>>> print(open('final07.cif').read())   # mmCIF, C-alpha atoms
data_work
#
loop_
_atom_site.label_atom_id
_atom_site.label_comp_id
_atom_site.auth_asym_id
_atom_site.auth_seq_id
_atom_site.Cartn_x
_atom_site.Cartn_y
_atom_site.Cartn_z
CA MET B 300 25.10 -38.06 -11.36
CA LYS B 301 23.36 -36.83 -14.52
CA GLN B 302 20.09 -38.23 -13.21
CA PHE B 303 20.45 -36.32 -9.93
CA VAL B 304 21.08 -33.07 -11.80
CA GLN B 305 17.93 -33.68 -13.85
CA ILE B 306 15.91 -34.35 -10.68
CA PHE B 307 17.31 -31.15 -9.17
CA LEU B 308 16.42 -29.03 -12.18
CA VAL B 309 12.88 -30.42 -12.39
CA THR B 310 12.36 -29.89 -8.64
CA LEU B 311 13.69 -26.34 -8.90
CA LEU B 312 11.44 -25.56 -11.85
CA LEU B 313 8.39 -26.93 -10.05
CA ALA B 314 9.26 -24.95 -6.93
CA LEU B 315 9.57 -21.72 -8.87
CA MET B 316 6.36 -22.37 -10.80
CA THR B 317 4.47 -23.05 -7.56
CA SER B 318 5.77 -19.86 -5.93
CA GLY B 319 4.89 -17.71 -8.94
CA GLU B 320 1.42 -19.20 -8.95
CA ALA B 321 1.05 -18.46 -5.22
CA THR B 322 1.82 -14.75 -5.63
CA ALA B 323 -0.40 -14.49 -8.70
CA GLN B 324 -3.22 -16.16 -6.74
CA CYS B 325 -2.63 -13.67 -3.92
CA LYS B 326 -3.13 -10.77 -6.30
CA GLY B 327 -6.25 -12.38 -7.77
CA PHE B 328 -7.60 -13.20 -4.31
CA ALA B 329 -7.12 -9.61 -3.10
CA LYS B 330 -8.71 -8.12 -6.19
CA SER B 331 -11.63 -10.44 -6.77
CA LEU B 332 -12.58 -11.70 -3.31
CA CYS B 333 -11.27 -9.43 -0.56
CA LYS B 334 -12.17 -6.22 -2.38
CA LYS B 335 -15.82 -7.30 -2.39
CA GLU B 336 -15.78 -7.13 1.42
CA LEU B 337 -15.45 -3.35 1.12
CA GLY B 338 -19.07 -3.19 -0.08
CA ALA B 339 -20.18 0.37 -0.75
CA TYR B 340 -16.83 1.80 0.37
CA LEU B 341 -14.49 2.85 -2.46
CA HIS B 342 -11.24 0.90 -2.40
CA ASP B 343 -8.36 3.35 -1.95
CA GLY B 344 -6.23 1.53 -4.54
CA ASN B 345 -3.55 0.24 -2.17
CA TYR B 346 -2.36 -3.36 -2.33
CA HIS B 347 -1.29 -5.07 0.87
CA ALA B 348 -1.21 -8.82 0.57
CA ALA B 349 1.23 -11.54 1.48
CA ILE B 350 1.51 -15.26 1.86
CA LEU B 351 1.40 -15.95 5.59
CA VAL B 352 1.58 -19.24 7.47
CA GLU B 353 -0.32 -20.38 10.55
CA GLY B 354 0.76 -18.37 13.58
CA GLU B 355 2.50 -15.68 11.53
CA GLU B 356 1.91 -11.98 12.20
CA ALA B 357 2.01 -8.82 10.11
CA GLU B 358 1.71 -5.14 10.99
CA LEU B 359 0.43 -2.21 8.99
CA TYR B 360 0.88 1.47 9.80
CA LYS B 361 -1.40 4.03 8.24
CA THR B 362 -2.55 7.56 8.94
CA PHE B 363 -6.31 7.95 8.87
CA TYR B 364 -7.99 11.31 8.47
CA SER B 365 -10.85 13.02 10.22
CA ASP B 366 -14.02 13.64 8.21
CA MET B 367 -13.53 10.34 6.40
CA GLU B 368 -15.43 7.13 7.02
CA TYR B 369 -13.29 4.03 6.54
CA ARG B 370 -13.75 0.29 6.28
CA VAL B 371 -10.88 -2.13 6.78
CA ALA B 372 -11.32 -5.62 5.35
CA ILE B 373 -8.92 -8.40 6.31
CA CYS B 374 -9.27 -11.67 4.49
CA GLY B 375 -7.56 -15.04 4.46
CA ALA B 376 -7.69 -17.40 1.51
CA ASP B 377 -9.81 -20.54 1.57
CA GLY B 378 -8.44 -23.22 3.86
CA MET B 379 -6.66 -20.73 6.12
CA PRO B 380 -7.45 -20.58 9.83
CA PRO B 381 -9.33 -17.44 11.00
CA ILE B 382 -7.43 -14.15 11.02
CA GLU B 383 -7.25 -12.07 14.18
CA PHE B 384 -6.69 -8.33 13.95
CA THR B 385 -6.19 -5.61 16.51
CA VAL B 386 -6.10 -1.84 15.98
CA PHE B 387 -3.84 0.30 18.18
CA ASP B 388 -3.41 4.06 18.46
CA ALA B 389 0.03 5.69 18.51
CA THR B 390 0.35 5.17 22.27
CA GLY B 391 -0.28 1.44 21.93
CA LYS B 392 -3.80 1.55 23.29
CA VAL B 393 -6.10 -1.10 21.81
CA LEU B 394 -8.99 0.55 19.99
CA TYR B 395 -10.50 -2.55 18.46
CA SER B 396 -9.97 -6.28 18.39
CA ASN B 397 -12.00 -8.61 16.20
CA LYS B 398 -11.64 -11.26 18.92
CA ASP B 399 -14.52 -9.40 20.60
CA GLN B 400 -16.57 -9.59 17.39
CA GLU B 401 -16.39 -13.29 16.52
CA LEU B 402 -13.31 -12.66 14.37
CA SER B 403 -15.22 -10.48 11.93
CA GLY B 404 -13.11 -9.60 8.88
CA ILE B 405 -14.38 -6.05 8.55
CA TRP B 406 -14.48 -2.97 10.76
CA ASP B 407 -16.09 0.40 9.96
CA PHE B 408 -14.75 3.48 11.70
CA LYS B 409 -14.30 7.22 11.53
CA LEU B 410 -12.08 9.59 13.47
CA GLU B 411 -12.68 12.79 15.35
CA ALA B 412 -9.08 13.79 14.60
CA SER B 413 -6.53 12.48 12.12
CA GLN B 414 -4.10 10.01 13.58
CA GLN B 415 -1.78 7.16 12.78
CA LEU B 416 -3.02 3.70 13.70
CA LYS B 417 -1.34 0.33 13.73
CA ILE B 418 -3.18 -2.76 12.55
CA ALA B 419 -1.71 -6.02 13.80
CA VAL B 420 -2.82 -9.13 11.95
CA LYS B 421 -2.29 -12.67 13.17
CA VAL B 422 -3.12 -15.93 11.44
CA THR B 423 -4.49 -18.23 14.13
CA THR B 424 -3.54 -21.91 14.18
CA PHE B 425 -5.59 -25.03 13.64
CA GLY B 426 -3.61 -26.53 16.46
CA THR B 427 -2.76 -29.80 14.72
CA ARG B 428 0.91 -30.42 15.34
CA SER B 429 1.22 -33.50 13.18
CA GLU B 430 0.93 -31.71 9.85
CA LEU B 431 2.87 -28.95 8.15
CA PRO B 432 1.43 -25.49 8.96
CA VAL B 433 -1.10 -24.18 6.46
CA SER B 434 -0.08 -21.14 4.43
CA GLY B 435 -2.05 -18.85 2.16
CA CYS B 436 -2.77 -15.35 1.08
CA VAL B 437 -3.84 -12.71 3.58
CA ALA B 438 -4.98 -9.34 2.26
CA ILE B 439 -5.59 -6.05 4.06
CA MET B 440 -7.75 -3.58 2.15
CA PHE B 441 -9.09 -0.14 2.96
CA GLY B 442 -12.09 1.67 1.58
CA PHE B 443 -13.63 5.04 2.27
CA LYS B 444 -17.03 6.56 1.73
CA THR B 445 -17.39 9.13 -1.01
CA LYS B 446 -19.98 11.89 -0.85
CA MET G 186 31.99 -40.94 -3.02
CA ASN G 187 29.14 -43.34 -2.29
CA ASN G 188 28.19 -41.44 0.87
CA LYS G 189 28.14 -38.20 -1.06
CA LEU G 190 25.85 -39.70 -3.64
CA LYS G 191 23.52 -40.95 -0.93
CA ILE G 192 22.97 -37.51 0.54
CA LEU G 193 22.84 -35.72 -2.80
CA PRO G 194 19.05 -36.05 -3.27
CA LEU G 195 18.59 -34.63 0.26
CA ILE G 196 20.84 -31.67 -0.55
CA LEU G 197 19.00 -31.06 -3.81
CA GLY G 198 15.60 -31.29 -2.14
CA VAL G 199 16.54 -28.88 0.67
CA THR G 200 18.05 -26.43 -1.85
CA ALA G 201 14.88 -26.51 -3.98
CA LEU G 202 12.76 -25.98 -0.86
CA LEU G 203 14.90 -22.98 0.14
CA VAL G 204 14.56 -21.44 -3.33
CA CYS G 205 10.81 -21.96 -3.15
CA MET G 206 10.57 -20.31 0.26
CA ALA G 207 12.72 -17.37 -0.80
CA ALA G 208 10.54 -16.83 -3.84
CA THR G 209 7.26 -16.97 -1.91
CA SER G 210 8.25 -14.54 0.84
CA CYS G 211 6.01 -11.72 -0.28
CA LYS G 212 6.23 -7.97 0.00
CA GLY G 213 6.90 -6.20 3.24
CA LYS G 214 9.95 -5.83 5.34
CA THR G 215 10.92 -9.00 7.15
CA LYS G 216 12.26 -8.49 10.62
CA GLY G 217 14.21 -10.85 12.81
CA LYS G 218 17.21 -13.05 12.27
CA GLU G 219 17.59 -15.27 9.24
CA ALA G 220 17.16 -18.98 9.69
CA LYS G 221 20.50 -20.78 9.60
CA VAL G 222 20.29 -24.02 7.70
CA THR G 223 22.64 -26.94 7.36
CA GLU G 224 22.02 -29.83 5.00
CA GLU G 225 22.41 -32.54 7.60
CA THR G 226 20.17 -31.28 10.35
CA VAL G 227 17.20 -29.44 8.89
CA SER G 228 13.97 -31.13 7.93
CA ALA G 229 11.25 -29.41 5.91
CA ASP G 230 9.08 -29.21 8.99
CA GLU G 231 11.76 -27.52 11.11
CA GLN G 232 12.49 -25.15 8.28
CA THR G 233 8.88 -23.99 8.10
CA MET G 234 8.67 -23.61 11.87
CA GLU G 235 11.84 -21.51 11.81
CA GLN G 236 10.27 -19.27 9.19
CA ILE G 237 7.19 -18.82 11.39
CA LYS G 238 9.35 -17.70 14.29
CA SER G 239 11.49 -15.25 12.34
CA ALA G 240 9.07 -13.77 9.82
CA GLU G 241 7.18 -10.65 10.61
CA LYS G 242 5.89 -8.48 7.80
CA VAL G 243 5.51 -4.75 8.11
CA PHE G 244 3.51 -2.59 5.70
CA ASN G 245 3.64 1.19 5.56
CA ALA G 246 0.50 2.52 3.90
CA LEU G 247 0.29 6.02 2.51
CA PRO G 248 -2.80 7.90 1.46
CA THR G 249 -3.41 6.96 -2.16
CA PRO G 250 -4.16 9.58 -4.85
CA LEU G 251 -7.89 8.84 -4.59
CA GLU G 252 -7.87 9.27 -0.83
CA VAL G 253 -5.96 12.57 -1.09
CA ALA G 254 -8.36 13.86 -3.78
CA GLN G 255 -11.32 12.92 -1.56
CA LEU G 256 -9.73 14.65 1.45
CA ILE G 257 -9.19 17.84 -0.51
CA LYS G 258 -12.63 17.85 -2.02
CA GLU G 259 -14.04 17.22 1.45
CA ALA G 260 -12.18 20.32 2.64
CA GLY G 261 -14.18 22.36 0.12
CA ALA G 262 -11.27 23.36 -2.13
CA LYS G 263 -11.92 24.48 -5.71
CA PHE G 264 -10.25 22.53 -8.49
CA ASP G 265 -7.72 24.23 -10.76
CA VAL G 266 -6.88 22.31 -13.92
CA THR G 267 -3.67 24.30 -14.48
CA LEU G 268 -2.13 22.57 -11.46
CA LEU G 269 -2.06 19.18 -13.20
CA ASN G 270 0.98 17.87 -15.04
CA PRO G 271 0.19 18.40 -18.75
CA VAL G 272 -0.14 15.10 -20.63
CA GLU G 273 2.11 16.54 -23.35
CA ASN G 274 5.00 16.11 -20.92
CA LYS G 275 4.73 12.32 -21.03
CA SER G 276 7.23 11.96 -23.87
CA ASN G 277 9.88 13.54 -21.62
CA TYR G 278 9.85 10.58 -19.26
CA THR G 279 12.19 7.92 -20.51
CA THR G 280 13.91 6.53 -17.40
CA SER G 281 12.32 4.01 -15.03
CA LYS G 282 12.49 6.51 -12.20
CA SER G 283 10.78 9.33 -14.12
CA MET G 284 8.14 6.94 -15.49
CA ALA G 285 7.41 5.54 -12.02
CA LEU G 286 7.14 9.00 -10.44
CA ASN G 287 4.97 10.28 -13.26
CA LEU G 288 2.75 7.20 -13.20
CA GLY G 289 2.00 8.21 -9.60
CA ILE G 290 1.60 11.83 -10.67
CA TYR G 291 -0.75 11.07 -13.58
CA VAL G 292 -2.87 8.68 -11.48
CA CYS G 293 -3.12 11.45 -8.88
CA ASP G 294 -4.18 13.95 -11.56
CA LEU G 295 -6.67 11.39 -12.82
CA SER G 296 -8.03 11.00 -9.28
CA PHE G 297 -8.59 14.74 -8.98
CA ALA G 298 -10.19 14.89 -12.42
CA SER G 299 -12.58 12.05 -11.52
CA MET G 300 -13.37 13.38 -8.06
CA TYR G 301 -14.15 16.83 -9.49
CA ASP G 302 -16.08 15.49 -12.52
CA GLU G 303 -13.61 16.92 -15.04
CA THR G 304 -14.68 14.34 -17.58
CA SER G 305 -12.93 15.93 -20.57
CA LEU G 306 -9.54 15.22 -18.97
CA LEU G 307 -10.07 11.60 -18.03
CA VAL G 308 -9.22 9.73 -21.22
CA ASN G 309 -6.03 11.71 -21.89
CA TYR G 310 -4.77 11.27 -18.33
CA MET G 311 -5.60 7.57 -18.35
CA GLN G 312 -3.72 7.29 -21.65
CA ALA G 313 -0.73 9.08 -20.10
CA ALA G 314 -0.83 6.71 -17.12
CA GLU G 315 -1.03 3.76 -19.51
CA ASP G 316 2.06 4.98 -21.36
CA MET G 317 4.00 5.21 -18.09
CA ALA G 318 2.84 1.75 -16.99
CA THR G 319 3.74 0.24 -20.36
CA GLY G 320 7.16 1.87 -20.20
CA LEU G 321 7.71 0.24 -16.83
CA GLY G 322 6.67 -3.15 -18.21
CA ILE G 323 3.57 -3.34 -16.04
CA ILE G 324 1.31 -5.76 -17.84
CA ASP G 325 -2.48 -5.50 -17.71
CA ALA G 326 -2.63 -2.61 -15.23
CA ILE G 327 -4.18 -0.36 -17.85
CA ASP G 328 -5.09 -1.49 -21.32
CA GLU G 329 -7.34 -0.53 -24.20
CA GLY G 330 -10.21 -2.23 -22.36
CA THR G 331 -9.70 0.15 -19.41
CA ILE G 332 -9.77 3.18 -21.70
CA GLU G 333 -12.90 1.87 -23.47
CA LYS G 334 -14.65 1.26 -20.15
CA LEU G 335 -13.69 4.79 -19.11
CA GLU G 336 -15.12 6.25 -22.31
CA GLN G 337 -18.35 4.28 -21.96
CA ASN G 338 -18.85 5.46 -18.38
CA ILE G 339 -17.49 8.96 -18.71
CA ASN G 340 -20.46 10.49 -16.86
CA ASN G 341 -20.68 7.86 -14.15
CA ARG G 342 -18.41 9.06 -11.37
CA ASP G 343 -18.71 5.90 -9.27
CA VAL G 344 -17.53 3.70 -12.15
CA ILE G 345 -14.77 6.16 -13.06
CA MET G 346 -13.41 6.18 -9.50
CA GLU G 347 -13.62 2.40 -9.42
CA ILE G 348 -11.52 2.28 -12.62
CA VAL G 349 -8.94 4.70 -11.15
CA SER G 350 -8.76 2.65 -7.95
CA GLU G 351 -8.33 -0.55 -9.97
CA THR G 352 -5.58 1.05 -12.08
CA PHE G 353 -3.55 1.93 -9.00
CA LEU G 354 -4.20 -1.47 -7.43
CA ASN G 355 -3.16 -3.32 -10.59
CA SER G 356 0.09 -1.38 -10.90
CA GLN G 357 0.97 -1.89 -7.23
CA ALA G 358 0.00 -5.56 -7.22
CA TYR G 359 1.97 -6.31 -10.38
CA LEU G 360 5.12 -4.65 -9.05
CA GLU G 361 4.85 -6.10 -5.54
CA ASP G 362 4.28 -9.62 -6.86
CA ASP G 363 7.17 -9.11 -9.26
CA GLU G 364 9.40 -8.13 -6.31
CA GLN G 365 9.82 -4.61 -7.75
CA HIS G 366 9.10 -3.00 -4.38
CA ALA G 367 11.29 0.07 -4.98
CA VAL G 368 9.42 0.93 -8.21
CA ALA G 369 6.08 0.49 -6.40
CA ALA G 370 7.31 2.82 -3.62
CA THR G 371 8.46 5.39 -6.21
CA ILE G 372 4.97 5.43 -7.79
CA ILE G 373 3.45 6.00 -4.35
CA ALA G 374 5.92 8.84 -3.69
CA GLY G 375 5.04 10.47 -7.04
CA GLY G 376 1.33 10.34 -6.27
CA PHE G 377 1.84 11.67 -2.75
CA ILE G 378 3.99 14.63 -3.85
CA GLU G 379 1.50 15.52 -6.60
CA GLY G 380 -1.37 15.45 -4.09
CA LEU G 381 0.56 17.70 -1.74
CA TYR G 382 1.49 20.05 -4.60
CA ILE G 383 -2.10 20.38 -5.79
CA SER G 384 -3.50 20.81 -2.29
CA THR G 385 -0.94 23.44 -1.15
CA HIS G 386 -1.61 25.41 -4.33
CA MET G 387 -5.38 25.26 -3.85
CA VAL G 388 -5.25 27.12 -0.53
CA ASP G 389 -6.68 30.60 -0.69
CA MET G 390 -4.12 32.55 1.37
CA LYS G 391 -6.67 35.29 2.07
CA ASN G 392 -8.58 32.71 4.08
CA PHE G 393 -5.67 30.97 5.74
CA LYS G 394 -6.90 31.08 9.32
CA GLY G 395 -9.44 28.39 10.08
CA ASN G 396 -9.08 26.97 6.56
CA LYS G 397 -10.08 23.30 6.55
CA LEU G 398 -7.72 22.49 3.69
CA VAL G 399 -4.79 23.93 5.65
CA LYS G 400 -5.67 21.61 8.53
CA THR G 401 -5.75 18.65 6.11
CA ILE G 402 -2.31 19.63 4.79
CA ALA G 403 -0.93 20.00 8.32
CA ASP G 404 -2.17 16.47 9.03
CA GLN G 405 0.04 15.22 6.19
CA LYS G 406 2.95 15.57 8.64
CA MET G 407 2.27 11.98 9.71
CA SER G 408 2.12 10.75 6.12
CA VAL G 409 5.48 12.37 5.32
CA ASP G 410 6.91 10.28 8.16
CA ASP G 411 5.18 7.21 6.69
CA LEU G 412 6.62 8.01 3.26
CA ILE G 413 10.16 8.30 4.59
CA ARG G 414 9.79 5.00 6.45
CA LEU G 415 8.52 3.34 3.28
CA LEU G 416 11.34 4.72 1.11
CA GLU G 417 14.01 3.90 3.70
CA THR G 418 12.99 0.24 3.39
CA TYR G 419 14.49 0.31 -0.11
CA ASN G 420 17.34 2.79 0.39
CA GLU G 421 19.82 0.52 -1.36
CA ASN G 422 18.07 1.62 -4.57
CA THR G 423 19.75 4.65 -6.22
CA ALA G 424 16.48 6.24 -7.40
CA ILE G 425 15.05 5.96 -3.88
CA GLN G 426 18.21 7.49 -2.39
CA GLU G 427 17.83 10.47 -4.73
CA LEU G 428 14.20 10.85 -3.71
CA LEU G 429 14.91 10.60 -0.02
CA GLY G 430 17.16 13.70 0.13
CA PRO G 431 14.54 16.33 -0.81
CA ILE G 432 11.77 14.47 1.02
CA ARG G 433 13.83 14.53 4.22
CA GLU G 434 14.21 18.30 3.71
CA LEU G 435 10.43 18.49 3.39
CA LYS G 436 10.09 16.52 6.62
CA THR G 437 12.34 19.07 8.39
CA ILE G 438 9.80 21.77 7.51
CA PHE G 439 6.82 19.57 8.42
CA ASP G 440 8.47 18.95 11.80
CA LYS G 441 7.61 22.58 12.61
CA VAL G 442 3.92 21.68 12.45
CA GLU G 443 2.87 21.32 16.07
CA ARG G 444 0.69 18.39 17.05
CA SER G 445 -0.98 17.89 20.38
CA THR G 446 -2.77 14.69 21.23
CA THR G 447 -4.97 13.37 23.98
CA PRO G 448 -5.67 9.66 24.49
CA ALA G 449 -8.08 8.12 22.03
CA SER G 450 -11.21 6.22 22.96
CA THR G 451 -13.96 4.60 20.95
CA LYS G 452 -17.69 4.99 20.71
CA TYR G 453 -19.78 2.46 18.76
CA ASP G 454 -22.91 3.63 16.99
CA ASP G 455 -25.51 0.84 17.00
CA LYS G 456 -27.58 2.44 14.25
CA THR G 457 -24.81 2.85 11.68
CA GLY G 458 -22.48 0.09 12.83
CA VAL G 459 -19.61 2.58 12.70
CA THR G 460 -17.13 3.06 15.54
CA GLU G 461 -15.99 6.62 16.14
CA ILE G 462 -12.47 7.07 17.43
CA THR G 463 -12.63 10.11 19.64
CA GLY G 464 -9.78 12.03 21.18
CA ALA G 465 -8.30 15.32 20.18
CA ALA G 466 -5.22 15.49 18.01
CA MET G 467 -4.69 18.98 16.74
CA SER G 468 -2.22 20.05 14.08
CA GLU G 469 -1.18 23.70 14.26
CA ILE G 470 0.61 25.26 11.30
CA LYS G 471 1.89 28.82 11.04
CA GLN G 472 1.63 30.71 7.76
CA ASP G 473 5.40 30.91 7.19
CA VAL G 474 5.72 27.16 7.74
CA PHE G 475 2.89 26.53 5.31
CA LEU G 476 4.52 28.72 2.66
CA ALA G 477 7.86 26.94 3.17
CA ILE G 478 6.10 23.57 2.65
CA LYS G 479 4.36 24.87 -0.45
CA GLU G 480 7.64 26.09 -1.92
CA LYS G 481 9.55 22.92 -1.09
CA VAL G 482 6.85 20.64 -2.53
CA GLY G 483 6.80 22.78 -5.68
CA ASP G 484 10.60 22.46 -5.99
CA ILE G 485 10.49 18.67 -5.57
CA ARG G 486 7.60 18.24 -7.97
CA ASN G 487 9.15 20.48 -10.63
CA ILE G 488 12.29 18.36 -10.73
CA TYR G 489 10.23 15.35 -11.76
CA VAL G 490 7.55 16.76 -14.07
CA LYS G 491 9.75 18.72 -16.47
#
>>> encode(input="final07.cif", output="structure tokens")
Amino acid sequence: MKQFVQIFLVTLLLALMTSGEATAQCKGFAKSLCKKELGAYLHDGNYHAAILVEGEEAELYKTFYSDMEYRVAICGADGMPPIEFTVFDATGKVLYSNKDQELSGIWDFKLEASQQLKIAVKVTTFGTRSELPVSGCVAIMFGFKTK
Amino acid sequence: MNNKLKILPLILGVTALLVCMAATSCKGKTKGKEAKVTEETVSADEQTMEQIKSAEKVFNALPTPLEVAQLIKEAGAKFDVTLLNPVENKSNYTTSKSMALNLGIYVCDLSFASMYDETSLLVNYMQAAEDMATGLGIIDAIDEGTIEKLEQNINNRDVIMEIVSETFLNSQAYLEDDEQHAVAATIIAGGFIEGLYISTHMVDMKNFKGNKLVKTIADQKMSVDDLIRLLETYNENTAIQELLGPIRELKTIFDKVERSTTPASTKYDDKTGVTEITGAAMSEIKQDVFLAIKEKVGDIRNIYVK
């Protein structure tokens, strides 16, 4: 019995250490790798990143303003399948899908009038059913041009 | 007894896996029903597949202090240093709630100072933001290295703005990864209210009609909705509940801003590689509504900066 309790505690400790490492890696990934994708655009300072698994989806709602030029960068950590993203207006109309752009991780846009947009992100799948689904960090970052 | 011992490792393994999964489910509101697990029937593989089916993460993004400062500068407004929260006030903030709100407020002030090249203010405001972050236990968001870098690049606006952006990102990332979502949301609320306070007080009322800054403020109607949605995600938190009351009152006034929209369409510019989203969405704000917003924002802000 004592041995089982020891196994349990070690397993629990390892599990917690692994999870802490995953979130810390997510933060590091967003800051050091994904932020670079913004190029000359100034990062707005927001942090949107999460561990997602193959096939999982996330949504982001944000109001974008006229007279601003934005870049959205969506990145998946190494070893993740490609990330699809689609941008919708408030009526649900598709304004952009990276499926039409070879799954590009960045999109530059500006608006004639301020409006709220929804960005839907989906981790695609490798399609191999025999193994456990891959999981990893996915970050969504916004930058804008300063004058 | 023997049977129980045989399945004990399985129970322990599944429990450890569940703890691991709970700990790695990152920020964002998770929708959908919880996976129901029994020790006898669930394998690790099924568990993961169940998580895929049920998990859906939703982020509500608000304009950050830097974005608001850029919007206001873009609208041609003149900066007024007296609108900032004096750094001398920082010793008044001793609770987590007041430190979180004023971290947002000081980062917003810092954003305005950097955007408007008010270099003499930068170090003191960064120091005030550092004090708030330290008080909240946020490690490494701002440190002496940040202040030194700021001092060394005091006349380089691009580097300064990069430092301000990084400061906000570090604070948010630390809190989100530490599962302190309500504190992160409170910082965002503080920064948003400060931006609205500064912008409403920068409007020259003699030039109200056709004023670009007024239009920018009217457009914040959508962001107030975003803010309420973000805060409501954490409404079990007492500090958030206290914040929500006055912000809902502010929303009631913003609801009087009229918005008309026509369907959006897109136009891609080959030369610049930029897509323009066209389609009219006009915000119309009457002077009395604007003044009511200005007063309400001032009331909310003054509760938290004193």
>>> resolve_selection(input="final07.cif", expression="the PyMOL selection byres ((chain G and resi 275) around 10)", output="ChimeraX atom specification")
/G:270-274,276-279,283-284,287-288,291,310,312-314,316-317,490-491
>>> closest_atom_pairs(input="final07.cif", of="region 451-491 of chain G", to="region 402-415 of chain G", cutoff="8 Å", atoms="all atoms listed in the file", output="CSV")
residue,atom,partner,partner_atom,distance
G:Ser468,CA,G:Ala403,CA,5.9
G:Glu469,CA,G:Ala403,CA,7.0
G:Ile470,CA,G:Ala403,CA,6.2
>>> resolve_selection(input="final07.cif", expression="the PyMOL selection byres ((chain B and resi 341) around 10)", output="PyMOL selection string")
(chain B and resi 334+337-340+342-344+369-370+441-445) or (chain G and resi 251-252+343+346-347+350)
>>> resolve_selection(input="final07.cif", expression="the PyMOL selection byres ((chain B and resi 413) around 8)", output="compact mmCIF listing (two decimals) with C-alpha atoms, in the frame of the given file")
# COMPACT_ATOMS: atom_id res chain seq x y z
CA THR B 362 -2.55 7.56 8.94
CA PHE B 363 -6.31 7.95 8.87
CA TYR B 364 -7.99 11.31 8.47
CA SER B 365 -10.85 13.02 10.22
CA LEU B 410 -12.08 9.59 13.47
CA GLU B 411 -12.68 12.79 15.35
CA ALA B 412 -9.08 13.79 14.60
CA GLN B 414 -4.10 10.01 13.58
CA GLN B 415 -1.78 7.16 12.78
CA ASP G 404 -2.17 16.47 9.03
CA ALA G 466 -5.22 15.49 18.01
>>> closest_residue(input="final07.cif", among="B:Lys446, B:Leu402, B:Asp377, B:Ile439", to="Lys258 (chain G)", atoms="all atoms listed in the file")
B:Lys446
>>> closest_residue(input="final07.cif", among="B:Phe328, B:Tyr360, B:Phe425, B:Tyr395", to="chain G", atoms="all atoms listed in the file")
B:Tyr360
>>> residues_around(input="final07.cif", residues="Phe475 (chain G)", least_positions_apart="2", cutoff="9 Å", atoms="all atoms listed in the file", output="count of residues only")
15
>>> residues_around(input="final07.cif", residues="Thr249 (chain G)", least_positions_apart="5", cutoff="10 Å", atoms="all atoms listed in the file", output="PyMOL selection string")
(chain B and resi 342-345) or (chain G and resi 254-255+289+292-293+296+350+353-354+373-374+376-377+380)
>>> closest_residue(input="final07.cif", among="G:Asp484, G:Glu364, G:Glu421, G:Glu427", to="chain B", atoms="all atoms listed in the file")
G:Glu364
>>> closest_residue(input="final07.cif", among="B:Lys330, B:Lys398, B:Lys421, B:Lys361", to="chain G", atoms="all atoms listed in the file")
B:Lys361
>>> atom_distance(input="final07.cif", atom1="CA of Val368 (chain G)", atom2="CA of Ile324 (chain G)")
14.3 Å
>>> atom_distance(input="final07.cif", atom1="CA of Gly458 (chain G)", atom2="CA of Phe408 (chain B)")
8.5 Å
>>> atom_distance(input="final07.cif", atom1="CA of Arg342 (chain G)", atom2="CA of Leu307 (chain G)")
11.0 Å
>>> closest_residue(input="final07.cif", among="G:Ala367, G:Val459, G:Leu435, G:Ala285", to="Tyr419 (chain G)", atoms="all atoms listed in the file")
G:Ala367
>>> closest_residue(input="final07.cif", among="B:Leu416, B:Glu401, B:Met379, B:Ala372", to="Glu353 (chain B)", atoms="all atoms listed in the file")
B:Met379
>>> build_atoms(input="final07.cif", residues="region 401-409 of chain B", atoms="N, CA and C atoms", output="mmCIF file, in the coordinates of the input")
data_model
loop_
_atom_site.group_PDB
_atom_site.id
_atom_site.type_symbol
_atom_site.label_atom_id
_atom_site.label_comp_id
_atom_site.auth_asym_id
_atom_site.auth_seq_id
_atom_site.Cartn_x
_atom_site.Cartn_y
_atom_site.Cartn_z
ATOM 1 N N GLU B 401 -16.364 -11.978 17.188
ATOM 2 C CA GLU B 401 -16.390 -13.290 16.520
ATOM 3 C C GLU B 401 -15.476 -13.333 15.298
ATOM 4 N N LEU B 402 -14.333 -12.677 15.422
ATOM 5 C CA LEU B 402 -13.310 -12.660 14.370
ATOM 6 C C LEU B 402 -13.841 -12.118 13.038
ATOM 7 N N SER B 403 -14.695 -11.121 13.143
ATOM 8 C CA SER B 403 -15.220 -10.480 11.930
ATOM 9 C C SER B 403 -14.061 -9.939 11.089
ATOM 10 N N GLY B 404 -14.192 -10.046 9.774
ATOM 11 C CA GLY B 404 -13.110 -9.600 8.880
ATOM 12 C C GLY B 404 -13.198 -8.138 8.496
ATOM 13 N N ILE B 405 -14.269 -7.463 8.915
ATOM 14 C CA ILE B 405 -14.380 -6.050 8.550
ATOM 15 C C ILE B 405 -14.640 -5.184 9.780
ATOM 16 N N TRP B 406 -14.215 -3.937 9.690
ATOM 17 C CA TRP B 406 -14.480 -2.970 10.760
ATOM 18 C C TRP B 406 -14.683 -1.605 10.124
ATOM 19 N N ASP B 407 -15.791 -0.946 10.480
ATOM 20 C CA ASP B 407 -16.090 0.400 9.960
ATOM 21 C C ASP B 407 -15.787 1.415 11.055
ATOM 22 N N PHE B 408 -15.104 2.478 10.686
ATOM 23 C CA PHE B 408 -14.750 3.480 11.700
ATOM 24 C C PHE B 408 -14.549 4.854 11.074
ATOM 25 N N LYS B 409 -14.629 5.853 11.937
ATOM 26 C CA LYS B 409 -14.300 7.220 11.530
ATOM 27 C C LYS B 409 -13.563 7.872 12.695
#
